[in-house]
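Comments concern the structure below.
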Amino acid sequence: MRIYNLAGLLEQYGDQFLILEFNHLFVASSIREEVWLLQRKNDIALIDRILDQAAAFDLLEVDADRDFETYSGGQKAILGCLLALELIRVRGIEGLKLLLNNILDSISDDNRIRLMQLFENMRSSHHIRLFTQKENQLQEVFSENDDT
C-alpha cells in the first residue's frame, strides 16, 4: 500500500500549485547544492538567511553542506519550507498557491506554530495562499477573513 501518490498529486494539482511533498522535498543532497540548482549560483546570502531561519527553530546543527539524509523528517520538512519561503522572498514572487502535503503533521507543535507565523507573514507580504490536503480534499490554511 502506498502512503503517498506523488504522480496523482502532481497530475491533479501540479499546474495550479507549488507542491511541497514530505517524501520529495529536495533534488540535491544539501542546502548549498539545492540553492545552486535553484539560483544557478552559490547564493551565500540566501544560504545564510536559511541557516539563520533554521536557528530560530532551534536547528543549530544545520549546515549548508550537510547531507539532507542526516536530518530527521521534521527537520527536513522545516528546511524545505524555509527554502521555499526564502526563494519566494528573494525572487519577489507574489500570488503563489502553495500546497503542503504531509508537511505540517511531521513537525512538533512549537515548530508548527513558528512555521505558520512565517507563512502568515509571507501571505501578508507576498499574497501567497497556503493549502494542505486532508482526506483527499484541499483545505486553505488561512482565509482572507482569518486573523490567524
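Order determines the names: the first chain of the C-alpha cells is A, the second B, and so forth; residues in each chain are numbered 1 upward, and ligands are numbered 1 upward as they are shown.
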- Task: Write out as a ChimeraX atom specification which residues come within 9 Å of Ile31 (chain A) when counting only C-alpha atoms, dropping same-chain ones fewer than 2 positions away.
- Result: /A:26,28-29,33-36,47,50,63-68,79,83
- Query: Which polymer residues have any atom within 12 Å of an atom of Met122 (chain A), counting only C-alpha atoms, with same-chain residues fewer than 4 positions away left out, as an NGL selection string?
  - Reply: :A and (81-82 or 84-90 or 92-98 or 115-118 or 126-130 or 142)
File dump, residues just selected, C-alpha atoms, as an mmCIF file, in the first residue's frame:
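That gives us selection-v2.cif:
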```
data_model
loop_
_atom_site.group_PDB
_atom_site.id
_atom_site.type_symbol
_atom_site.label_atom_id
_atom_site.label_comp_id
_atom_site.auth_asym_id
_atom_site.auth_seq_id
_atom_site.Cartn_x
_atom_site.Cartn_y
_atom_site.Cartn_z
ATOM 1 C CA CYS A 81 9.634 25.205 3.842
ATOM 2 C CA LEU A 82 12.359 27.694 4.759
ATOM 3 C CA ALA A 84 10.678 27.759 -0.439
ATOM 4 C CA LEU A 85 9.823 30.837 1.625
ATOM 5 C CA GLU A 86 13.233 32.399 1.129
ATOM 6 C CA LEU A 87 13.096 31.792 -2.627
ATOM 7 C CA ILE A 88 9.661 33.425 -2.752
ATOM 8 C CA ARG A 89 11.077 36.404 -0.855
ATOM 9 C CA VAL A 90 14.301 36.707 -2.872
ATOM 10 C CA GLY A 92 9.710 38.681 -5.264
ATOM 11 C CA ILE A 93 7.112 36.068 -6.206
ATOM 12 C CA GLU A 94 3.543 37.088 -5.478
ATOM 13 C CA GLY A 95 0.174 35.387 -5.698
ATOM 14 C CA LEU A 96 1.561 31.850 -5.436
ATOM 15 C CA LYS A 97 -0.602 28.972 -4.254
ATOM 16 C CA LEU A 98 1.458 26.615 -2.105
ATOM 17 C CA LEU A 115 6.349 27.947 10.698
ATOM 18 C CA MET A 116 2.738 29.073 10.417
ATOM 19 C CA GLN A 117 3.802 32.553 11.531
ATOM 20 C CA LEU A 118 6.360 32.655 8.702
ATOM 21 C CA HIS A 126 3.578 38.337 -1.000
ATOM 22 C CA HIS A 127 -0.103 37.367 -1.187
ATOM 23 C CA ILE A 128 0.597 33.637 -1.187
ATOM 24 C CA ARG A 129 -2.159 31.185 -0.368
ATOM 25 C CA LEU A 130 -1.380 28.096 1.666
ATOM 26 C CA PHE A 142 -5.547 30.911 6.023
#
```
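Taking CA of Glu69 (chain A) and CA of Tyr13 (chain A) as endpoints, the distance between them is 27.0 Å.
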- Item | Option closest in space to Gln139 (chain A), from A:Ile107, A:Leu37, A:Val27, A:Leu100 [counting only C-alpha atoms] |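 For Gln139 (chain A), the nearest of the candidates is A:Leu100.
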- Which of region 13-137 of chain A DSSP labels strand (DSSP E or B), written as a list in words: Leu18, Ile19, Leu20, Glu21, Lys97, Leu98, Leu99, Leu100, Asn101, Arg129, Leu130, Phe131, Thr132, Gln133, Lys134 and Gln137 of chain A
Can I get the selection written as an mmCIF file, in the first residue's frame, with N, CA and C atoms?
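Listed below is the output, result.cif:
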```
data_model
loop_
_atom_site.group_PDB
_atom_site.id
_atom_site.type_symbol
_atom_site.label_atom_id
_atom_site.label_comp_id
_atom_site.auth_asym_id
_atom_site.auth_seq_id
_atom_site.Cartn_x
_atom_site.Cartn_y
_atom_site.Cartn_z
ATOM 1 N N LEU A 18 2.499 25.275 -6.255
ATOM 2 C CA LEU A 18 3.839 24.816 -5.921
ATOM 3 C C LEU A 18 3.616 23.797 -4.814
ATOM 4 N N ILE A 19 4.047 22.569 -5.044
ATOM 5 C CA ILE A 19 3.770 21.489 -4.095
ATOM 6 C C ILE A 19 5.035 21.149 -3.322
ATOM 7 N N LEU A 20 4.920 21.176 -2.000
ATOM 8 C CA LEU A 20 5.982 20.669 -1.132
ATOM 9 C C LEU A 20 5.465 19.355 -0.564
ATOM 10 N N GLU A 21 6.065 18.270 -0.994
ATOM 11 C CA GLU A 21 5.631 16.935 -0.593
ATOM 12 C C GLU A 21 6.682 16.346 0.324
ATOM 13 N N LYS A 97 0.151 29.920 -5.062
ATOM 14 C CA LYS A 97 -0.602 28.972 -4.254
ATOM 15 C C LYS A 97 0.350 27.831 -3.902
ATOM 16 N N LEU A 98 0.502 27.588 -2.621
ATOM 17 C CA LEU A 98 1.458 26.615 -2.105
ATOM 18 C C LEU A 98 0.695 25.484 -1.422
ATOM 19 N N LEU A 99 0.955 24.260 -1.858
ATOM 20 C CA LEU A 99 0.308 23.084 -1.285
ATOM 21 C C LEU A 99 1.325 22.309 -0.462
ATOM 22 N N LEU A 100 1.069 22.204 0.836
ATOM 23 C CA LEU A 100 1.927 21.432 1.739
ATOM 24 C C LEU A 100 1.300 20.056 1.907
ATOM 25 N N ASN A 101 1.986 19.037 1.439
ATOM 26 C CA ASN A 101 1.473 17.677 1.541
ATOM 27 C C ASN A 101 2.269 16.893 2.577
ATOM 28 N N ARG A 129 -1.082 31.938 -1.002
ATOM 29 C CA ARG A 129 -2.159 31.185 -0.368
ATOM 30 C C ARG A 129 -1.602 29.811 -0.032
ATOM 31 N N LEU A 130 -1.923 29.340 1.144
ATOM 32 C CA LEU A 130 -1.380 28.096 1.666
ATOM 33 C C LEU A 130 -2.496 27.068 1.815
ATOM 34 N N PHE A 131 -2.215 25.847 1.305
ATOM 35 C CA PHE A 131 -3.197 24.778 1.352
ATOM 36 C C PHE A 131 -2.555 23.508 1.903
ATOM 37 N N THR A 132 -3.385 22.650 2.485
ATOM 38 C CA THR A 132 -2.989 21.296 2.855
ATOM 39 C C THR A 132 -4.056 20.359 2.284
ATOM 40 N N GLN A 133 -3.729 19.084 2.303
ATOM 41 C CA GLN A 133 -4.670 18.089 1.811
ATOM 42 C C GLN A 133 -5.082 17.205 2.972
ATOM 43 N N LYS A 134 -6.361 17.151 3.240
ATOM 44 C CA LYS A 134 -6.923 16.298 4.285
ATOM 45 C C LYS A 134 -8.004 15.428 3.654
ATOM 46 N N GLN A 137 -9.113 16.102 0.187
ATOM 47 C CA GLN A 137 -9.726 17.408 -0.017
ATOM 48 C C GLN A 137 -8.698 18.483 0.280
#
```
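The coordinates place CA of Ser72 (chain A) at 13.8 Å from CA of Ser30 (chain A).
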- Compare A:Leu25, A:Ile44, A:Leu51, A:Leu38 by their minimum atom-to-atom distance to Lys76 (chain A), counting only C-alpha atoms, and give me the closest one.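 Answer, going by the shortest atom-to-atom distance: A:Leu25.
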- Message: So, with only C-alpha atoms as the atoms that count, which of A:Arg32, A:His24, A:Arg40, A:Arg49 lies closest to Gly73 (chain A)?
- Response: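 Closest candidate: A:His24.
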